[in-house]
Every structure is written in C-alpha cells, then in structure tokens.
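Novice: Just dropping this structure here.
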2 protein chains.
Amino acid sequence: MFSLHPSLATKIYVGELSFCTVLMEDVADFVWLFLVPRKENTRNMLDLTHDERMLLMNEIELTESTLTRLFHPDQTNVAMIGNITPQLHVHVICRYKNDAVWPNTVWGHKLPAYTDDKKKEIVELLKKELICQK
Amino acid sequence: MFSLHPSLATKIYVGELSFCTVLMEDVADFVWLFLVPRKENTRNMLDLTHDERMLLMNEIELTESTLTRLFHPDQTNVAMIGNITPQLHVHVICRYKNDAVWPNTVWGHKLPAYTDDKKKEIVELLKKELICQK
C-alpha cells in the first residue's frame with residue numbers, strides 16, 4: 001500500500017491530483033512543490049509504466065502552468081533527484097532573478113520558512129487553483 | 001530555425017533522437033547527458049505543446065533506460081533547470097553512491113574532464129546503443 005516516505009511526510013500537505021500527492025517545501029522565498037506519484041515501491045521514473053509516465057507529465061504540466069499563472073516566476077525548475085529520499089518526487093519550483101539563491105539550484109541552502117499566515121494563504125490558494133482544477 | 005544556444009553548442013555532440021539533440025557534459029565521473037528539443041524559441045517546458053511534452057517524456061524514458069542498462073547507476077537524476085542557459089535542455093545524469101559529489105546535486109562543482117580516449121569510447125557506445133535504437 002502506498003505511503004509517503006518519512007522525509008516527505010514532514011512537508012506541508014496541499015492535496016491530491018489524480019495520480020500524485022502534492023506537497024510544499026516550507027520555504028518562503030519561492031513556491032516549491034513536490035509531486036509524489038501514489039504508487040508503492042517507486043524509487044525513480046524507471047519504476048513507472050509508460051502510461052504512468054504520461055500521467056505524471058500531465059500533472060507536471062498542470063502544476064507548472066498553474067504556478068506560472070498564479071506566481072509569475074522568471075523560470076520554473078522541474079527536477080527528479082532522489083539521492084537522499086528514495087521515493088520518486090518531482091520538484092516544481094518557481095524561480096526569480098531576485099530570489100535568494102538565483103541562478104544557483106535550490107538544493108543545499110538553508111532558506112527562511114513561511115510565517116503561519118502566509119503558509120495558510122498559499123496552501124488555500126493552491127487548493128483552490130491547482131487541486132480543485134484537476 | 002532551430003539552433004543550439006552557444007553554451008550548449010560547446011558540449012560534446014552525441015547525436016539526434018526524433019525530437020531531441022543529445023549532448024554530453026565533459027565530466028568523467030558519471031555520464032551526464034542533455035536532451036535539447038529541436039524547437040526554436042523554447043525556454044522551458046511551458047513552450048512545448050502537450051504532444052511535444054509527451055515526445056520529450058518518451059525520449060527521457062529511452063535515455064534513462066539505456067543509460068541504466070549500460071552504466072548501472074545507483075540513481076538517475078532528471079532535471080530541467082535553465083536558470084543560466086535560456087534554452088530548454090533536460091539533464092539526465094547517472095549517479096553513484098561513490099561519485100565525487102554524492103548525495104549532493106551536480107551543479108556548481110568543478111569536476112574532472114574525460115581523457116580523449118574515454119570520451120571517444122563513451123560517445124561511440126551512446127551512438128550505437130541510444131541514437132541508433134531510436
């Protein structure tokens with residue numbers, strides 16, 4: 001049965017798309033989501049069938065286009081790394097030319113967390129615009 | 001008309017898949033490829049049509065599975081970043097638990113280049129097993 005890896009289970013919960021659970025990193029500088037396919041024993045994309053890959057790409061597309069519409073990033077970063085957390089999760093990140101680590105990648109930096117009010121506001125917006133749009 | 005961005009044109013040329021040009025980073029520690037969709041004015045995946053995204057995912061799948069068969073990585077990293085080079089290119093990277101930067105991501109490190117003989121050997125293998133398989 002599918003369950004989130006413990007290091008993903010600590011992320012901010014946003015909601016469910018048809019194939020993926022949507023989580024958010026607690027970083028206030030830019031919106032940083034994770035798409036986690038709800039299929040057990042999935043370490044990386046090689047563990048998906050061809051049809052599941054297409055489903056995943058559909059949900060990446062929906063997420064990227066929704067984030068772009070809501071948050072107007074200068075660039076979106078999309079990545080499957082998985083060196084540390086052995087469960088497939090796709091990073092979808094809004095980047096800005098004036099963000100704290102541009103043009104570097106986001107991994108390995110310590111970045112400030114959301115305030116409780118801001119976190120609630122972003123999650124509510126994403127529930128409405130991303131999760132309910134599926 | 002499509003042409004490679006100057007910073008991608010300096011990479012090692014491997015060959016052509018149906019939709020993407022395949023390039024390689026000159027880093028000897030692990031095989032690090034780039035898939036560059038041959039569509040002009042493409043900054044990121046949002047500039048692809050839905051059908052083009054599916055084509056790209058097909059070629060990511062072919063590349064990941066071929067690299068895994070040939071080089072037996074512990075993990076593959078797949079990423080679209082594009083903060084520095086404004087032309088869509090997908091990184092597909094074979095990672096090992098004993099590579100020089102594991103478990104960190106590969107960006108921002110200076111890593112040793114291939115010898116000429118090793119570079120030629122890897123490119124010939126990729127031409128045979130990835131490009132001619134398309």
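All residue names refer to the structure tokens as shown: chains lettered A, B, ... in order, residues numbered from 1 in each chain, ligands numbered from 1 in order.
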Among chain B, which ones does DSSP place in alpha helix (DSSP H), written as a ChimeraX atom specification?
Specialist: /B:6-9,50-71,116-126
Novice: For the residues selected in the previous step, produce a file with N, CA and C atoms as a tab-separated table (two decimals), in the first residue's frame.
Specialist:
```
chain	number	residue	atom	x	y	z
B	6	PRO	N	24.62	29.07	-27.61
B	6	PRO	CA	26.09	28.95	-27.59
B	6	PRO	C	26.64	28.13	-26.42
B	7	SER	N	26.03	28.22	-25.25
B	7	SER	CA	26.60	27.47	-24.13
B	7	SER	C	26.27	25.97	-24.22
B	8	LEU	N	25.27	25.59	-25.01
B	8	LEU	CA	25.02	24.16	-25.26
B	8	LEU	C	25.86	23.68	-26.46
B	9	ALA	N	26.12	24.58	-27.40
B	9	ALA	CA	26.89	24.19	-28.59
B	9	ALA	C	28.31	23.77	-28.25
B	50	HIS	N	1.31	20.08	-25.69
B	50	HIS	CA	1.10	18.84	-24.93
B	50	HIS	C	1.73	17.64	-25.65
B	51	ASP	N	1.53	17.57	-26.97
B	51	ASP	CA	2.10	16.43	-27.72
B	51	ASP	C	3.63	16.45	-27.68
B	52	GLU	N	4.21	17.64	-27.74
B	52	GLU	CA	5.67	17.74	-27.67
B	52	GLU	C	6.20	17.31	-26.30
B	53	ARG	N	5.44	17.64	-25.24
B	53	ARG	CA	5.83	17.16	-23.89
B	53	ARG	C	5.85	15.65	-23.84
B	54	MET	N	4.88	15.03	-24.47
B	54	MET	CA	4.81	13.56	-24.44
B	54	MET	C	5.99	12.97	-25.23
B	55	LEU	N	6.33	13.60	-26.36
B	55	LEU	CA	7.51	13.18	-27.13
B	55	LEU	C	8.77	13.30	-26.28
B	56	LEU	N	8.88	14.43	-25.57
B	56	LEU	CA	10.05	14.64	-24.71
B	56	LEU	C	10.11	13.57	-23.63
B	57	MET	N	8.96	13.26	-22.98
B	57	MET	CA	8.95	12.25	-21.93
B	57	MET	C	9.34	10.88	-22.50
B	58	ASN	N	8.90	10.59	-23.74
B	58	ASN	CA	9.33	9.33	-24.39
B	58	ASN	C	10.84	9.26	-24.51
B	59	GLU	N	11.45	10.37	-24.89
B	59	GLU	CA	12.91	10.35	-25.11
B	59	GLU	C	13.68	10.38	-23.79
B	60	ILE	N	13.09	10.99	-22.76
B	60	ILE	CA	13.69	10.89	-21.41
B	60	ILE	C	13.67	9.42	-20.97
B	61	GLU	N	12.54	8.75	-21.21
B	61	GLU	CA	12.40	7.33	-20.82
B	61	GLU	C	13.43	6.47	-21.55
B	62	LEU	N	13.55	6.68	-22.86
B	62	LEU	CA	14.52	5.92	-23.66
B	62	LEU	C	15.94	6.16	-23.14
B	63	THR	N	16.24	7.41	-22.84
B	63	THR	CA	17.59	7.76	-22.39
B	63	THR	C	17.88	7.18	-21.02
B	64	GLU	N	16.95	7.34	-20.09
B	64	GLU	CA	17.14	6.78	-18.74
B	64	GLU	C	17.31	5.27	-18.77
B	65	SER	N	16.48	4.61	-19.56
B	65	SER	CA	16.55	3.14	-19.55
B	65	SER	C	17.83	2.66	-20.24
B	66	THR	N	18.27	3.38	-21.28
B	66	THR	CA	19.51	2.98	-21.96
B	66	THR	C	20.72	3.22	-21.05
B	67	LEU	N	20.76	4.38	-20.40
B	67	LEU	CA	21.89	4.66	-19.50
B	67	LEU	C	21.94	3.66	-18.36
B	68	THR	N	20.77	3.29	-17.85
B	68	THR	CA	20.73	2.33	-16.74
B	68	THR	C	21.25	0.96	-17.18
B	69	ARG	N	20.86	0.57	-18.38
B	69	ARG	CA	21.34	-0.72	-18.92
B	69	ARG	C	22.86	-0.70	-19.14
B	70	LEU	N	23.37	0.42	-19.63
B	70	LEU	CA	24.80	0.49	-19.98
B	70	LEU	C	25.70	0.76	-18.78
B	71	PHE	N	25.23	1.62	-17.85
B	71	PHE	CA	26.16	2.15	-16.84
B	71	PHE	C	25.76	1.83	-15.39
B	116	ASP	N	40.72	11.93	-23.85
B	116	ASP	CA	40.21	11.85	-25.22
B	116	ASP	C	39.75	10.44	-25.57
B	117	ASP	N	40.52	9.44	-25.16
B	117	ASP	CA	40.16	8.04	-25.48
B	117	ASP	C	38.85	7.64	-24.81
B	118	LYS	N	38.67	8.02	-23.54
B	118	LYS	CA	37.46	7.64	-22.81
B	118	LYS	C	36.25	8.36	-23.40
B	119	LYS	N	36.43	9.63	-23.74
B	119	LYS	CA	35.33	10.39	-24.33
B	119	LYS	C	34.86	9.72	-25.63
B	120	LYS	N	35.82	9.35	-26.46
B	120	LYS	CA	35.50	8.72	-27.75
B	120	LYS	C	34.77	7.38	-27.51
B	121	GLU	N	35.24	6.62	-26.54
B	121	GLU	CA	34.64	5.31	-26.24
B	121	GLU	C	33.18	5.48	-25.79
B	122	ILE	N	32.92	6.46	-24.91
B	122	ILE	CA	31.56	6.65	-24.39
B	122	ILE	C	30.64	7.16	-25.52
B	123	VAL	N	31.12	8.10	-26.31
B	123	VAL	CA	30.28	8.64	-27.39
B	123	VAL	C	29.96	7.55	-28.41
B	124	GLU	N	30.93	6.72	-28.75
B	124	GLU	CA	30.68	5.64	-29.71
B	124	GLU	C	29.63	4.67	-29.16
B	125	LEU	N	29.75	4.35	-27.86
B	125	LEU	CA	28.79	3.44	-27.23
B	125	LEU	C	27.38	4.05	-27.24
B	126	LEU	N	27.29	5.35	-26.93
B	126	LEU	CA	25.98	6.01	-26.91
B	126	LEU	C	25.39	6.13	-28.31
```
Novice: For chain A against chain B, with a cut-off of 9 Å and counting only C-alpha atoms, what is the closest atom pair and its distance in Å to one decimal for every residue that makes the cut, ordered by chain and number, as a Markdown table?
Specialist:
```
| residue | atom | partner | partner_atom | distance |
| --- | --- | --- | --- | --- |
| A:Arg43 | CA | B:Gln75 | CA | 8.6 |
| A:Asn44 | CA | B:Thr76 | CA | 7.5 |
| A:Met45 | CA | B:Glu61 | CA | 8.0 |
| A:Leu46 | CA | B:Ser65 | CA | 7.0 |
| A:His50 | CA | B:Asn58 | CA | 8.2 |
| A:Arg53 | CA | B:Met57 | CA | 7.4 |
| A:Met54 | CA | B:Met54 | CA | 6.6 |
| A:Met57 | CA | B:Met57 | CA | 7.2 |
| A:Asn58 | CA | B:His50 | CA | 8.2 |
| A:Glu61 | CA | B:Leu46 | CA | 7.4 |
| A:Glu64 | CA | B:Leu46 | CA | 7.4 |
| A:Ser65 | CA | B:Leu46 | CA | 6.9 |
| A:Asp74 | CA | B:Asn83 | CA | 8.7 |
| A:Gln75 | CA | B:Asn83 | CA | 6.7 |
| A:Thr76 | CA | B:Ile81 | CA | 7.2 |
| A:Asn77 | CA | B:Ile81 | CA | 4.6 |
| A:Val78 | CA | B:Met80 | CA | 5.2 |
| A:Ala79 | CA | B:Ala79 | CA | 4.0 |
| A:Met80 | CA | B:Val78 | CA | 5.2 |
| A:Ile81 | CA | B:Asn77 | CA | 4.6 |
| A:Gly82 | CA | B:Asn77 | CA | 7.2 |
| A:Asn83 | CA | B:Pro103 | CA | 5.4 |
| A:Ile84 | CA | B:Pro103 | CA | 6.4 |
| A:Arg95 | CA | B:Asn83 | CA | 8.2 |
| A:Lys97 | CA | B:Asn83 | CA | 8.5 |
| A:Trp102 | CA | B:Asn83 | CA | 7.5 |
| A:Pro103 | CA | B:Asn83 | CA | 5.4 |
| A:Asn104 | CA | B:Asn83 | CA | 7.4 |
| A:Thr105 | CA | B:Trp107 | CA | 7.2 |
| A:Trp107 | CA | B:Thr105 | CA | 7.2 |
| A:Gly108 | CA | B:Asn104 | CA | 7.5 |
```
Novice: Output N, CA, C and O atoms for every residue in the selection just made, as a compact mmCIF listing (two decimals), in the first residue's frame.
Specialist:
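See selection_34.txt below for the written result:
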```txt
# COMPACT_ATOMS: atom_id res chain seq x y z
N ARG A 43 11.01 4.22 -6.70
CA ARG A 43 12.24 4.94 -6.36
C ARG A 43 12.49 6.07 -7.37
O ARG A 43 12.88 7.16 -7.02
N ASN A 44 12.31 5.75 -8.66
CA ASN A 44 12.52 6.79 -9.68
C ASN A 44 11.61 6.51 -10.88
O ASN A 44 10.81 5.58 -10.84
N MET A 45 11.72 7.30 -11.92
CA MET A 45 10.77 7.19 -13.03
C MET A 45 10.86 5.85 -13.76
O MET A 45 9.91 5.46 -14.44
N LEU A 46 11.98 5.15 -13.61
CA LEU A 46 12.10 3.83 -14.24
C LEU A 46 11.13 2.83 -13.62
O LEU A 46 10.86 1.79 -14.22
N HIS A 50 4.95 3.12 -18.86
CA HIS A 50 4.90 4.21 -19.83
C HIS A 50 3.65 5.07 -19.61
O HIS A 50 3.72 6.31 -19.62
N ARG A 53 4.09 7.32 -16.67
CA ARG A 53 4.95 8.48 -17.01
C ARG A 53 4.15 9.58 -17.68
O ARG A 53 4.37 10.76 -17.45
N MET A 54 3.27 9.18 -18.56
CA MET A 54 2.47 10.19 -19.27
C MET A 54 1.53 10.91 -18.30
O MET A 54 1.36 12.12 -18.37
N MET A 57 3.63 13.34 -16.44
CA MET A 57 3.95 14.53 -17.25
C MET A 57 2.73 15.44 -17.35
O MET A 57 2.86 16.67 -17.31
N ASN A 58 1.54 14.87 -17.44
CA ASN A 58 0.30 15.68 -17.45
C ASN A 58 0.21 16.52 -16.18
O ASN A 58 -0.16 17.70 -16.23
N GLU A 61 2.71 19.30 -16.08
CA GLU A 61 2.25 20.38 -16.96
C GLU A 61 1.18 21.23 -16.26
O GLU A 61 1.25 22.47 -16.25
N GLU A 64 2.99 23.24 -13.42
CA GLU A 64 3.81 24.34 -13.96
C GLU A 64 2.94 25.48 -14.47
O GLU A 64 3.22 26.65 -14.22
N SER A 65 1.90 25.14 -15.22
CA SER A 65 1.09 26.21 -15.82
C SER A 65 0.29 26.94 -14.74
O SER A 65 0.15 28.17 -14.79
N ASP A 74 10.18 33.91 -13.03
CA ASP A 74 11.04 34.14 -14.19
C ASP A 74 11.41 32.83 -14.86
O ASP A 74 11.71 32.80 -16.06
N GLN A 75 11.43 31.74 -14.09
CA GLN A 75 11.77 30.43 -14.63
C GLN A 75 11.17 29.38 -13.71
O GLN A 75 11.07 29.61 -12.49
N THR A 76 10.74 28.25 -14.27
CA THR A 76 10.36 27.13 -13.41
C THR A 76 11.46 26.06 -13.48
O THR A 76 11.99 25.80 -14.56
N ASN A 77 11.80 25.50 -12.34
CA ASN A 77 12.73 24.37 -12.30
C ASN A 77 11.90 23.12 -12.03
O ASN A 77 11.09 23.11 -11.10
N VAL A 78 12.14 22.07 -12.81
CA VAL A 78 11.44 20.79 -12.63
C VAL A 78 12.52 19.72 -12.51
O VAL A 78 13.39 19.61 -13.39
N ALA A 79 12.49 18.95 -11.43
CA ALA A 79 13.60 18.00 -11.24
C ALA A 79 13.20 16.78 -10.43
O ALA A 79 12.41 16.87 -9.49
N MET A 80 13.77 15.64 -10.85
CA MET A 80 13.67 14.39 -10.11
C MET A 80 15.10 14.02 -9.71
O MET A 80 15.89 13.64 -10.57
N ILE A 81 15.42 14.17 -8.44
CA ILE A 81 16.79 13.91 -7.98
C ILE A 81 16.81 12.59 -7.20
O ILE A 81 17.31 11.59 -7.70
N GLY A 82 16.28 12.59 -5.98
CA GLY A 82 16.12 11.33 -5.24
C GLY A 82 17.39 10.72 -4.69
O GLY A 82 17.42 9.53 -4.37
N ASN A 83 18.46 11.49 -4.55
CA ASN A 83 19.69 10.92 -4.00
C ASN A 83 19.56 10.65 -2.50
O ASN A 83 20.21 9.75 -1.97
N ILE A 84 18.74 11.45 -1.85
CA ILE A 84 18.64 11.35 -0.38
C ILE A 84 17.33 10.65 0.03
O ILE A 84 17.34 9.80 0.90
N ARG A 95 11.12 30.15 -9.77
CA ARG A 95 12.37 30.88 -9.50
C ARG A 95 12.30 32.31 -10.03
O ARG A 95 11.63 32.57 -11.04
N LYS A 97 14.66 36.05 -10.64
CA LYS A 97 16.02 36.59 -10.80
C LYS A 97 16.50 37.32 -9.56
O LYS A 97 17.68 37.54 -9.38
N TRP A 102 19.32 32.57 -6.72
CA TRP A 102 19.45 32.68 -8.18
C TRP A 102 20.88 33.07 -8.56
O TRP A 102 21.42 33.95 -7.91
N PRO A 103 21.50 32.51 -9.64
CA PRO A 103 20.94 31.50 -10.55
C PRO A 103 21.28 30.07 -10.13
O PRO A 103 21.14 29.15 -10.92
N ASN A 104 21.75 29.90 -8.89
CA ASN A 104 22.10 28.55 -8.44
C ASN A 104 20.85 27.69 -8.25
O ASN A 104 19.73 28.21 -8.15
N THR A 105 21.05 26.38 -8.16
CA THR A 105 19.94 25.49 -7.86
C THR A 105 19.59 25.63 -6.37
O THR A 105 20.37 26.18 -5.59
N TRP A 107 19.01 23.34 -4.00
CA TRP A 107 19.35 22.31 -3.02
C TRP A 107 20.61 22.68 -2.24
O TRP A 107 21.56 23.24 -2.80
N GLY A 108 20.60 22.33 -0.95
CA GLY A 108 21.79 22.55 -0.12
C GLY A 108 21.88 23.93 0.50
O GLY A 108 22.91 24.28 1.08
```
Novice: If chain A is fitted onto chain B by least squares over all C-alpha atoms, taken pair by pair in sequence order, what do its new coordinates look like as a PDB file with C-alpha atoms, in the first residue's frame?
Specialist:
```pdb
ATOM      1  CA  MET A   1      15.088  27.972 -37.409  1.00  0.00           C
ATOM      2  CA  PHE A   2      16.365  25.838 -34.529  1.00  0.00           C
ATOM      3  CA  SER A   3      19.936  26.251 -33.359  1.00  0.00           C
ATOM      4  CA  LEU A   4      21.733  25.355 -30.146  1.00  0.00           C
ATOM      5  CA  HIS A   5      22.333  28.121 -27.616  1.00  0.00           C
ATOM      6  CA  PRO A   6      26.092  28.955 -27.588  1.00  0.00           C
ATOM      7  CA  SER A   7      26.584  27.467 -24.110  1.00  0.00           C
ATOM      8  CA  LEU A   8      25.029  24.166 -25.268  1.00  0.00           C
ATOM      9  CA  ALA A   9      26.887  24.198 -28.582  1.00  0.00           C
ATOM     10  CA  THR A  10      30.161  23.763 -26.635  1.00  0.00           C
ATOM     11  CA  LYS A  11      29.032  20.405 -25.147  1.00  0.00           C
ATOM     12  CA  ILE A  12      30.113  17.053 -26.607  1.00  0.00           C
ATOM     13  CA  TYR A  13      27.835  16.112 -29.524  1.00  0.00           C
ATOM     14  CA  VAL A  14      26.315  12.611 -29.346  1.00  0.00           C
ATOM     15  CA  GLY A  15      23.551  12.539 -31.969  1.00  0.00           C
ATOM     16  CA  GLU A  16      19.883  13.053 -32.830  1.00  0.00           C
ATOM     17  CA  LEU A  17      16.770  11.380 -31.454  1.00  0.00           C
ATOM     18  CA  SER A  18      13.429  12.008 -33.190  1.00  0.00           C
ATOM     19  CA  PHE A  19      12.696  15.184 -31.189  1.00  0.00           C
ATOM     20  CA  CYS A  20      15.876  15.980 -29.241  1.00  0.00           C
ATOM     21  CA  THR A  21      19.545  16.582 -29.926  1.00  0.00           C
ATOM     22  CA  VAL A  22      21.683  14.602 -27.447  1.00  0.00           C
ATOM     23  CA  LEU A  23      24.766  16.244 -25.936  1.00  0.00           C
ATOM     24  CA  MET A  24      27.156  15.182 -23.170  1.00  0.00           C
ATOM     25  CA  GLU A  25      28.920  17.094 -20.380  1.00  0.00           C
ATOM     26  CA  ASP A  26      32.691  16.709 -20.334  1.00  0.00           C
ATOM     27  CA  VAL A  27      32.768  15.174 -16.862  1.00  0.00           C
ATOM     28  CA  ALA A  28      34.402  11.782 -16.406  1.00  0.00           C
ATOM     29  CA  ASP A  29      32.950  10.793 -13.032  1.00  0.00           C
ATOM     30  CA  PHE A  30      29.476   9.881 -14.371  1.00  0.00           C
ATOM     31  CA  VAL A  31      27.616  10.019 -17.676  1.00  0.00           C
ATOM     32  CA  TRP A  32      25.746  13.337 -17.855  1.00  0.00           C
ATOM     33  CA  LEU A  33      23.599  13.878 -20.955  1.00  0.00           C
ATOM     34  CA  PHE A  34      21.453  16.751 -22.197  1.00  0.00           C
ATOM     35  CA  LEU A  35      18.311  16.321 -24.303  1.00  0.00           C
ATOM     36  CA  VAL A  36      17.581  19.507 -26.263  1.00  0.00           C
ATOM     37  CA  PRO A  37      14.216  19.579 -28.101  1.00  0.00           C
ATOM     38  CA  ARG A  38      14.726  20.841 -31.655  1.00  0.00           C
ATOM     39  CA  LYS A  39      12.070  23.549 -31.469  1.00  0.00           C
ATOM     40  CA  GLU A  40      13.048  27.178 -31.757  1.00  0.00           C
ATOM     41  CA  ASN A  41      12.331  29.775 -29.052  1.00  0.00           C
ATOM     42  CA  THR A  42      11.882  27.150 -26.335  1.00  0.00           C
ATOM     43  CA  ARG A  43      12.914  28.457 -22.930  1.00  0.00           C
ATOM     44  CA  ASN A  44      11.190  25.831 -20.775  1.00  0.00           C
ATOM     45  CA  MET A  45       8.580  23.076 -20.947  1.00  0.00           C
ATOM     46  CA  LEU A  46       5.744  25.617 -20.946  1.00  0.00           C
ATOM     47  CA  ASP A  47       6.840  26.460 -24.500  1.00  0.00           C
ATOM     48  CA  LEU A  48       6.066  22.898 -25.652  1.00  0.00           C
ATOM     49  CA  THR A  49       2.648  21.744 -26.813  1.00  0.00           C
ATOM     50  CA  HIS A  50       1.098  18.842 -24.918  1.00  0.00           C
ATOM     51  CA  ASP A  51       2.090  16.430 -27.699  1.00  0.00           C
ATOM     52  CA  GLU A  52       5.667  17.737 -27.669  1.00  0.00           C
ATOM     53  CA  ARG A  53       5.823  17.158 -23.890  1.00  0.00           C
ATOM     54  CA  MET A  54       4.817  13.566 -24.440  1.00  0.00           C
ATOM     55  CA  LEU A  55       7.510  13.186 -27.122  1.00  0.00           C
ATOM     56  CA  LEU A  56      10.048  14.637 -24.709  1.00  0.00           C
ATOM     57  CA  MET A  57       8.959  12.252 -21.933  1.00  0.00           C
ATOM     58  CA  ASN A  58       9.325   9.331 -24.378  1.00  0.00           C
ATOM     59  CA  GLU A  59      12.907  10.348 -25.111  1.00  0.00           C
ATOM     60  CA  ILE A  60      13.695  10.884 -21.410  1.00  0.00           C
ATOM     61  CA  GLU A  61      12.403   7.340 -20.818  1.00  0.00           C
ATOM     62  CA  LEU A  62      14.520   5.915 -23.660  1.00  0.00           C
ATOM     63  CA  THR A  63      17.603   7.765 -22.395  1.00  0.00           C
ATOM     64  CA  GLU A  64      17.142   6.784 -18.736  1.00  0.00           C
ATOM     65  CA  SER A  65      16.553   3.135 -19.542  1.00  0.00           C
ATOM     66  CA  THR A  66      19.509   2.987 -21.958  1.00  0.00           C
ATOM     67  CA  LEU A  67      21.899   4.669 -19.510  1.00  0.00           C
ATOM     68  CA  THR A  68      20.744   2.337 -16.735  1.00  0.00           C
ATOM     69  CA  ARG A  69      21.333  -0.706 -18.912  1.00  0.00           C
ATOM     70  CA  LEU A  70      24.798   0.500 -19.988  1.00  0.00           C
ATOM     71  CA  PHE A  71      26.159   2.153 -16.842  1.00  0.00           C
ATOM     72  CA  HIS A  72      24.196   0.694 -13.863  1.00  0.00           C
ATOM     73  CA  PRO A  73      23.864   3.912 -11.848  1.00  0.00           C
ATOM     74  CA  ASP A  74      22.613   3.838  -8.255  1.00  0.00           C
ATOM     75  CA  GLN A  75      20.202   6.649  -9.170  1.00  0.00           C
ATOM     76  CA  THR A  76      19.340   8.721 -12.221  1.00  0.00           C
ATOM     77  CA  ASN A  77      18.800  12.465 -11.853  1.00  0.00           C
ATOM     78  CA  VAL A  78      16.495  14.108 -14.422  1.00  0.00           C
ATOM     79  CA  ALA A  79      16.164  17.883 -14.337  1.00  0.00           C
ATOM     80  CA  MET A  80      15.095  20.957 -16.271  1.00  0.00           C
ATOM     81  CA  ILE A  81      16.691  23.985 -14.591  1.00  0.00           C
ATOM     82  CA  GLY A  82      17.509  26.643 -17.205  1.00  0.00           C
ATOM     83  CA  ASN A  83      18.416  29.475 -14.833  1.00  0.00           C
ATOM     84  CA  ILE A  84      21.628  30.208 -16.709  1.00  0.00           C
ATOM     85  CA  THR A  85      21.077  28.851 -20.244  1.00  0.00           C
ATOM     86  CA  PRO A  86      17.755  30.103 -21.677  1.00  0.00           C
ATOM     87  CA  GLN A  87      17.065  27.132 -23.982  1.00  0.00           C
ATOM     88  CA  LEU A  88      15.181  24.059 -22.756  1.00  0.00           C
ATOM     89  CA  HIS A  89      17.589  21.217 -22.030  1.00  0.00           C
ATOM     90  CA  VAL A  90      16.937  18.169 -19.877  1.00  0.00           C
ATOM     91  CA  HIS A  91      19.787  16.862 -17.734  1.00  0.00           C
ATOM     92  CA  VAL A  92      19.838  13.045 -17.481  1.00  0.00           C
ATOM     93  CA  ILE A  93      22.635  12.019 -15.125  1.00  0.00           C
ATOM     94  CA  CYS A  94      23.917   8.655 -13.855  1.00  0.00           C
ATOM     95  CA  ARG A  95      24.730   8.969 -10.157  1.00  0.00           C
ATOM     96  CA  TYR A  96      26.678   6.624  -7.895  1.00  0.00           C
ATOM     97  CA  LYS A  97      26.932   6.412  -4.138  1.00  0.00           C
ATOM     98  CA  ASN A  98      30.706   6.699  -4.508  1.00  0.00           C
ATOM     99  CA  ASP A  99      30.761   9.543  -7.066  1.00  0.00           C
ATOM    100  CA  ALA A 100      32.629  12.773  -6.289  1.00  0.00           C
ATOM    101  CA  VAL A 101      29.631  14.814  -5.101  1.00  0.00           C
ATOM    102  CA  TRP A 102      27.034  12.238  -3.900  1.00  0.00           C
ATOM    103  CA  PRO A 103      24.460  12.822  -2.418  1.00  0.00           C
ATOM    104  CA  ASN A 104      24.609  16.475  -3.469  1.00  0.00           C
ATOM    105  CA  THR A 105      23.324  17.678  -6.826  1.00  0.00           C
ATOM    106  CA  VAL A 106      25.870  18.049  -9.622  1.00  0.00           C
ATOM    107  CA  TRP A 107      25.549  21.755 -10.333  1.00  0.00           C
ATOM    108  CA  GLY A 108      28.166  24.241  -9.153  1.00  0.00           C
ATOM    109  CA  HIS A 109      31.022  21.754  -8.796  1.00  0.00           C
ATOM    110  CA  LYS A 110      34.191  21.644 -10.869  1.00  0.00           C
ATOM    111  CA  LEU A 111      34.699  18.019 -11.927  1.00  0.00           C
ATOM    112  CA  PRO A 112      37.492  16.338 -13.939  1.00  0.00           C
ATOM    113  CA  ALA A 113      37.031  16.007 -17.716  1.00  0.00           C
ATOM    114  CA  TYR A 114      37.269  12.825 -19.825  1.00  0.00           C
ATOM    115  CA  THR A 115      40.512  11.729 -21.399  1.00  0.00           C
ATOM    116  CA  ASP A 116      40.225  11.838 -25.214  1.00  0.00           C
ATOM    117  CA  ASP A 117      40.156   8.029 -25.447  1.00  0.00           C
ATOM    118  CA  LYS A 118      37.466   7.622 -22.805  1.00  0.00           C
ATOM    119  CA  LYS A 119      35.331  10.383 -24.335  1.00  0.00           C
ATOM    120  CA  LYS A 120      35.504   8.703 -27.753  1.00  0.00           C
ATOM    121  CA  GLU A 121      34.629   5.316 -26.240  1.00  0.00           C
ATOM    122  CA  ILE A 122      31.556   6.653 -24.383  1.00  0.00           C
ATOM    123  CA  VAL A 123      30.305   8.647 -27.386  1.00  0.00           C
ATOM    124  CA  GLU A 124      30.671   5.631 -29.698  1.00  0.00           C
ATOM    125  CA  LEU A 125      28.789   3.435 -27.219  1.00  0.00           C
ATOM    126  CA  LEU A 126      25.980   6.009 -26.908  1.00  0.00           C
ATOM    127  CA  LYS A 127      25.733   6.418 -30.688  1.00  0.00           C
ATOM    128  CA  LYS A 128      25.308   2.671 -31.023  1.00  0.00           C
ATOM    129  CA  GLU A 129      23.015   1.994 -28.065  1.00  0.00           C
ATOM    130  CA  LEU A 130      20.949   5.184 -27.753  1.00  0.00           C
ATOM    131  CA  ILE A 131      20.937   7.021 -31.073  1.00  0.00           C
ATOM    132  CA  CYS A 132      20.635   4.005 -33.352  1.00  0.00           C
ATOM    133  CA  GLN A 133      17.954   2.480 -31.112  1.00  0.00           C
ATOM    134  CA  LYS A 134      15.515   5.376 -31.676  1.00  0.00           C
TER     135      LYS A 134
END
```
Novice: Can you pull out every residue from chain A that DSSP, working from the backbone, puts in strand (DSSP E or B), and format the result as an NGL selection string?
Specialist: :A and (12-16 or 20-24 or 32-37 or 75-80 or 90-95)
